[in-house]
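Novice: Dropping the structure in here first, questions after.
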Amino acid sequence: MSESITVRVPAKVNVQLAVGAARPDGFHGLANVFLAVGLYDDVTVTPADGLRVTCSGPDAAQVPLDASNLAARAAAVLAERHGIAPDVHIHIAKDIPVAGGMAGGSADAAGALLACDALWATGATREELLAICAELGSDVPFSLVGGAALGVGRGEQLTPVEVGGTFHWVFAVADGGLSTPAVYREFDRLTAGTQVPEPTASAALMEALRAGDPVALAAALSNDLQAPALSLRPSLAGTLAAGTAAGALAALVSGSGPTTAFLTEDEASARKVADALTASGTCRTARIAASPAPGATLR
């Protein structure tokens with residue numbers, strides 16, 4: 001058995017997040033267009049006497065290290081399916097913002113799943129790994145796959161999306177996190193008594209991705225969770241305004257927030273916007289990344 005296995009996993013940005021009404025199971029139907037972006041966590045698994053999780057990097061103190069950690073749950077589910085004791089030390093070297101709407105926890109789950117599969121030589125098929133991902137959370141399958149995809153259902157049913165170029169982003173990291181369930185509850189509150197349309201993918205957005213056209217993509221970006229995120233964290237409006245004033249083509253809350261995402265024309269523009277955001281005092285830090293990026297990858 002190998003001494004350790006490391007998997008690199010990407011963050012994501014939702015270039016479209018269309019949210020339907022709450023379903024009987026409590027989830028919401030989604031049309032969720034994911035782009036993997038070049039901010040990564042590295043997940044390393046090593047044989048151990050039991051299951052434990054450690055974490056290093058920015059905001060590591062905010063990452064739960066008990067059985068509620070999605071990476072630990074991924075290892076436990078895979079082990080149970082294959083009759084293996086989940087005796088593994090999972091170390092997460094974190095660079096994806098924590099609780100920031102960029103699927104960092106989901107990425108770690110996908111990384112741990114792929115790493116444990118390799119460590120234990122389970123022989124699990126890609127379909128089995130994706131099924132476990134879907135069981136763990138709505139964003140976890142995309143973290144395994146990466147690239148670009150449309151997620152429907154609650155976001156876990158993926159169809160690859162063609163991307164014809166590289167898109168450049170700035171991500172402004174806010175102080176503290178936002179609870180995804182709380183943002184969805186606020187969505188329900190804000191839309192109560194209204195007819196919430198069935199979520200569908202935007203044809204204009206898909207065409208902009210295919211063409212690799214950042215100006216067209218900027219015009220088509222949308223996030224139905226932006227209004228509830230701003231309702232819970234009004235200060236994010238100042239961050240969005242600062243990035244737009246600095247020349248971003250478009251600004252939006254990333255997923256359920258509180259990280260905000262800024263699409264720029266090229267890498268030089270991204271650096272200018274990042275510098276302006278950092279100087280504005282409206283965010284803790286600003287990170288530059290390009291998309292699409294590969295999914296979970298053995299290192």
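Please note that chains go A, B, ... in the order of the structure tokens, that every chain numbers its residues from 1, and that ligands are numbered from 1 in the order shown.
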When DSSP is applied to the backbone of this structure, which of stretch 16-230 of chain A are assigned helix (DSSP H, G or I)? Write them out as a VMD selection string.
Specialist: chain A and resid 60 to 62 70 to 81 104 to 120 126 to 136 140 to 145 180 to 191 203 to 211 214 to 220 226 to 230
Novice: Restricting the output to C-alpha atoms, write the selected residues as a PDB file, in the first residue's frame.
Specialist:
ATOM      1  CA  ALA A  60      -7.776  26.564   8.459  1.00  0.00           C
ATOM      2  CA  ALA A  61      -9.180  27.273  11.931  1.00  0.00           C
ATOM      3  CA  GLN A  62     -12.668  27.559  10.401  1.00  0.00           C
ATOM      4  CA  LEU A  70     -17.103  16.362   4.169  1.00  0.00           C
ATOM      5  CA  ALA A  71     -13.690  14.871   3.369  1.00  0.00           C
ATOM      6  CA  ALA A  72     -13.984  12.565   6.406  1.00  0.00           C
ATOM      7  CA  ARG A  73     -17.507  11.604   5.348  1.00  0.00           C
ATOM      8  CA  ALA A  74     -16.248  10.810   1.834  1.00  0.00           C
ATOM      9  CA  ALA A  75     -13.600   8.443   3.225  1.00  0.00           C
ATOM     10  CA  ALA A  76     -16.138   6.799   5.550  1.00  0.00           C
ATOM     11  CA  VAL A  77     -18.712   6.208   2.794  1.00  0.00           C
ATOM     12  CA  LEU A  78     -16.151   4.731   0.385  1.00  0.00           C
ATOM     13  CA  ALA A  79     -14.727   2.493   3.119  1.00  0.00           C
ATOM     14  CA  GLU A  80     -18.178   1.248   4.127  1.00  0.00           C
ATOM     15  CA  ARG A  81     -19.090   0.411   0.534  1.00  0.00           C
ATOM     16  CA  GLY A 104     -14.112  24.389  -0.931  1.00  0.00           C
ATOM     17  CA  GLY A 105     -15.645  21.743   1.349  1.00  0.00           C
ATOM     18  CA  SER A 106     -17.117  19.927  -1.642  1.00  0.00           C
ATOM     19  CA  ALA A 107     -13.740  20.030  -3.382  1.00  0.00           C
ATOM     20  CA  ASP A 108     -12.086  18.491  -0.312  1.00  0.00           C
ATOM     21  CA  ALA A 109     -14.690  15.710  -0.296  1.00  0.00           C
ATOM     22  CA  ALA A 110     -14.013  14.913  -3.958  1.00  0.00           C
ATOM     23  CA  GLY A 111     -10.268  15.024  -3.304  1.00  0.00           C
ATOM     24  CA  ALA A 112     -10.481  12.702  -0.312  1.00  0.00           C
ATOM     25  CA  LEU A 113     -12.710  10.294  -2.240  1.00  0.00           C
ATOM     26  CA  LEU A 114     -10.329  10.063  -5.201  1.00  0.00           C
ATOM     27  CA  ALA A 115      -7.272   9.840  -2.922  1.00  0.00           C
ATOM     28  CA  CYS A 116      -8.755   7.098  -0.716  1.00  0.00           C
ATOM     29  CA  ASP A 117      -9.880   5.181  -3.802  1.00  0.00           C
ATOM     30  CA  ALA A 118      -6.269   5.204  -5.023  1.00  0.00           C
ATOM     31  CA  LEU A 119      -4.793   4.472  -1.560  1.00  0.00           C
ATOM     32  CA  TRP A 120      -7.089   1.518  -0.929  1.00  0.00           C
ATOM     33  CA  ARG A 126     -16.169   6.612 -12.194  1.00  0.00           C
ATOM     34  CA  GLU A 127     -19.946   6.133 -11.955  1.00  0.00           C
ATOM     35  CA  GLU A 128     -19.640   4.799  -8.397  1.00  0.00           C
ATOM     36  CA  LEU A 129     -17.425   7.706  -7.355  1.00  0.00           C
ATOM     37  CA  LEU A 130     -19.892  10.201  -8.846  1.00  0.00           C
ATOM     38  CA  ALA A 131     -22.783   8.467  -7.053  1.00  0.00           C
ATOM     39  CA  ILE A 132     -20.930   8.814  -3.736  1.00  0.00           C
ATOM     40  CA  CYS A 133     -20.221  12.462  -4.571  1.00  0.00           C
ATOM     41  CA  ALA A 134     -23.929  13.105  -5.162  1.00  0.00           C
ATOM     42  CA  GLU A 135     -24.745  11.437  -1.840  1.00  0.00           C
ATOM     43  CA  LEU A 136     -22.283  13.744  -0.065  1.00  0.00           C
ATOM     44  CA  VAL A 140     -19.306  17.460  -4.883  1.00  0.00           C
ATOM     45  CA  PRO A 141     -19.793  15.732  -8.284  1.00  0.00           C
ATOM     46  CA  PHE A 142     -18.634  18.858 -10.124  1.00  0.00           C
ATOM     47  CA  SER A 143     -15.555  19.125  -7.901  1.00  0.00           C
ATOM     48  CA  LEU A 144     -14.576  15.646  -9.107  1.00  0.00           C
ATOM     49  CA  VAL A 145     -15.264  16.409 -12.784  1.00  0.00           C
ATOM     50  CA  THR A 180     -25.592  28.124   2.446  1.00  0.00           C
ATOM     51  CA  PRO A 181     -28.790  26.847   4.146  1.00  0.00           C
ATOM     52  CA  ALA A 182     -29.359  30.325   5.600  1.00  0.00           C
ATOM     53  CA  VAL A 183     -29.026  31.911   2.133  1.00  0.00           C
ATOM     54  CA  TYR A 184     -31.550  29.440   0.704  1.00  0.00           C
ATOM     55  CA  ARG A 185     -33.935  30.198   3.601  1.00  0.00           C
ATOM     56  CA  GLU A 186     -33.597  33.898   2.792  1.00  0.00           C
ATOM     57  CA  PHE A 187     -34.304  33.106  -0.893  1.00  0.00           C
ATOM     58  CA  ASP A 188     -37.506  31.362   0.226  1.00  0.00           C
ATOM     59  CA  ARG A 189     -38.443  34.338   2.399  1.00  0.00           C
ATOM     60  CA  LEU A 190     -37.810  36.875  -0.378  1.00  0.00           C
ATOM     61  CA  THR A 191     -39.758  34.861  -2.966  1.00  0.00           C
ATOM     62  CA  ALA A 203     -28.833  29.998 -24.172  1.00  0.00           C
ATOM     63  CA  ALA A 204     -26.916  33.299 -24.343  1.00  0.00           C
ATOM     64  CA  LEU A 205     -24.625  32.203 -21.513  1.00  0.00           C
ATOM     65  CA  MET A 206     -23.930  28.817 -23.129  1.00  0.00           C
ATOM     66  CA  GLU A 207     -23.092  30.527 -26.428  1.00  0.00           C
ATOM     67  CA  ALA A 208     -20.755  32.997 -24.665  1.00  0.00           C
ATOM     68  CA  LEU A 209     -18.900  30.076 -23.035  1.00  0.00           C
ATOM     69  CA  ARG A 210     -18.623  28.228 -26.357  1.00  0.00           C
ATOM     70  CA  ALA A 211     -17.296  31.362 -28.048  1.00  0.00           C
ATOM     71  CA  PRO A 214     -15.809  37.462 -21.897  1.00  0.00           C
ATOM     72  CA  VAL A 215     -17.931  40.485 -22.889  1.00  0.00           C
ATOM     73  CA  ALA A 216     -20.852  38.264 -23.920  1.00  0.00           C
ATOM     74  CA  LEU A 217     -20.405  36.126 -20.787  1.00  0.00           C
ATOM     75  CA  ALA A 218     -20.427  39.254 -18.610  1.00  0.00           C
ATOM     76  CA  ALA A 219     -23.801  40.235 -20.060  1.00  0.00           C
ATOM     77  CA  ALA A 220     -25.256  36.780 -19.339  1.00  0.00           C
ATOM     78  CA  GLN A 226     -27.253  37.102  -4.943  1.00  0.00           C
ATOM     79  CA  ALA A 227     -30.274  39.014  -3.594  1.00  0.00           C
ATOM     80  CA  PRO A 228     -30.610  36.809  -0.484  1.00  0.00           C
ATOM     81  CA  ALA A 229     -26.840  36.923   0.115  1.00  0.00           C
ATOM     82  CA  LEU A 230     -26.924  40.738  -0.096  1.00  0.00           C
TER      83      LEU A 230
END
Novice: Do you know which residues are at most 6 Å from stretch 13-27 of chain A counting only C-alpha atoms, after dropping those on the same chain fewer than 5 positions away, and could you put them as a list in words?
Specialist: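 Within the cut-off, the hits are Asn32, Val33, Phe34, Leu35, Met102, Val196, Glu198, Pro199, Leu221, Ser222, Asn223, Asp224, Ser254 and Gly255 of chain A.
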Novice: Let me see the file: selected residues, C-alpha atoms, as a PDB file, in the first residue's frame.
Specialist:
ATOM      1  CA  ASN A  32     -26.370  25.620 -12.189  1.00  0.00           C
ATOM      2  CA  VAL A  33     -23.599  26.372 -14.691  1.00  0.00           C
ATOM      3  CA  PHE A  34     -20.277  25.625 -12.992  1.00  0.00           C
ATOM      4  CA  LEU A  35     -16.798  26.735 -14.046  1.00  0.00           C
ATOM      5  CA  MET A 102     -16.626  28.450  -3.972  1.00  0.00           C
ATOM      6  CA  VAL A 196     -40.762  31.131  -8.881  1.00  0.00           C
ATOM      7  CA  GLU A 198     -38.644  26.717 -13.404  1.00  0.00           C
ATOM      8  CA  PRO A 199     -34.818  27.027 -13.586  1.00  0.00           C
ATOM      9  CA  LEU A 221     -24.010  36.115 -15.769  1.00  0.00           C
ATOM     10  CA  SER A 222     -26.755  35.600 -13.186  1.00  0.00           C
ATOM     11  CA  ASN A 223     -27.173  34.308  -9.640  1.00  0.00           C
ATOM     12  CA  ASP A 224     -30.586  33.950  -8.000  1.00  0.00           C
ATOM     13  CA  SER A 254     -20.148  33.566  -6.031  1.00  0.00           C
ATOM     14  CA  GLY A 255     -22.720  30.874  -5.267  1.00  0.00           C
TER      15      GLY A 255
END
Novice: Report as a PyMOL selection string all protein, DNA and RNA residues lying within 7 Å of stretch 160-166 of chain A, evaluated on only C-alpha atoms, omitting residues in the same chain fewer than 4 positions from it.
Specialist: chain A and resi 148-150+209-212+290-292
Novice: Give me, please, the distance in Å between atom CA of A:Ala241 and atom CA of A:Gly101, quoted to one decimal.
Specialist: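 One can read the atom CA of A:Ala241 to atom CA of A:Gly101 distance as 18.9 Å.
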Novice: Pick out the residues sitting within 10 Å of A:Gly176, and hand them over as a PDB file with C-alpha atoms, in the first residue's frame; count only C-alpha atoms, and ignore anything fewer than 6 positions along from it in its own chain.
Specialist:
ATOM      1  CA  ASP A  59      -8.651  30.155   7.502  1.00  0.00           C
ATOM      2  CA  GLN A  62     -12.668  27.559  10.401  1.00  0.00           C
ATOM      3  CA  PRO A  97     -11.702  30.415   0.625  1.00  0.00           C
ATOM      4  CA  VAL A  98     -13.588  28.754   3.508  1.00  0.00           C
ATOM      5  CA  ALA A  99     -17.410  29.074   3.577  1.00  0.00           C
ATOM      6  CA  GLY A 100     -17.074  31.417   0.625  1.00  0.00           C
ATOM      7  CA  PRO A 258     -19.897  35.837   0.661  1.00  0.00           C
ATOM      8  CA  THR A 259     -17.028  35.674  -1.855  1.00  0.00           C
ATOM      9  CA  ARG A 284     -10.131  40.918   3.221  1.00  0.00           C
TER      10      ARG A 284
END
Novice: To one decimal in Å, tell me the separation between atom CA of A:Val37 and atom CA of A:Asp139.
Specialist: 14.0 Å
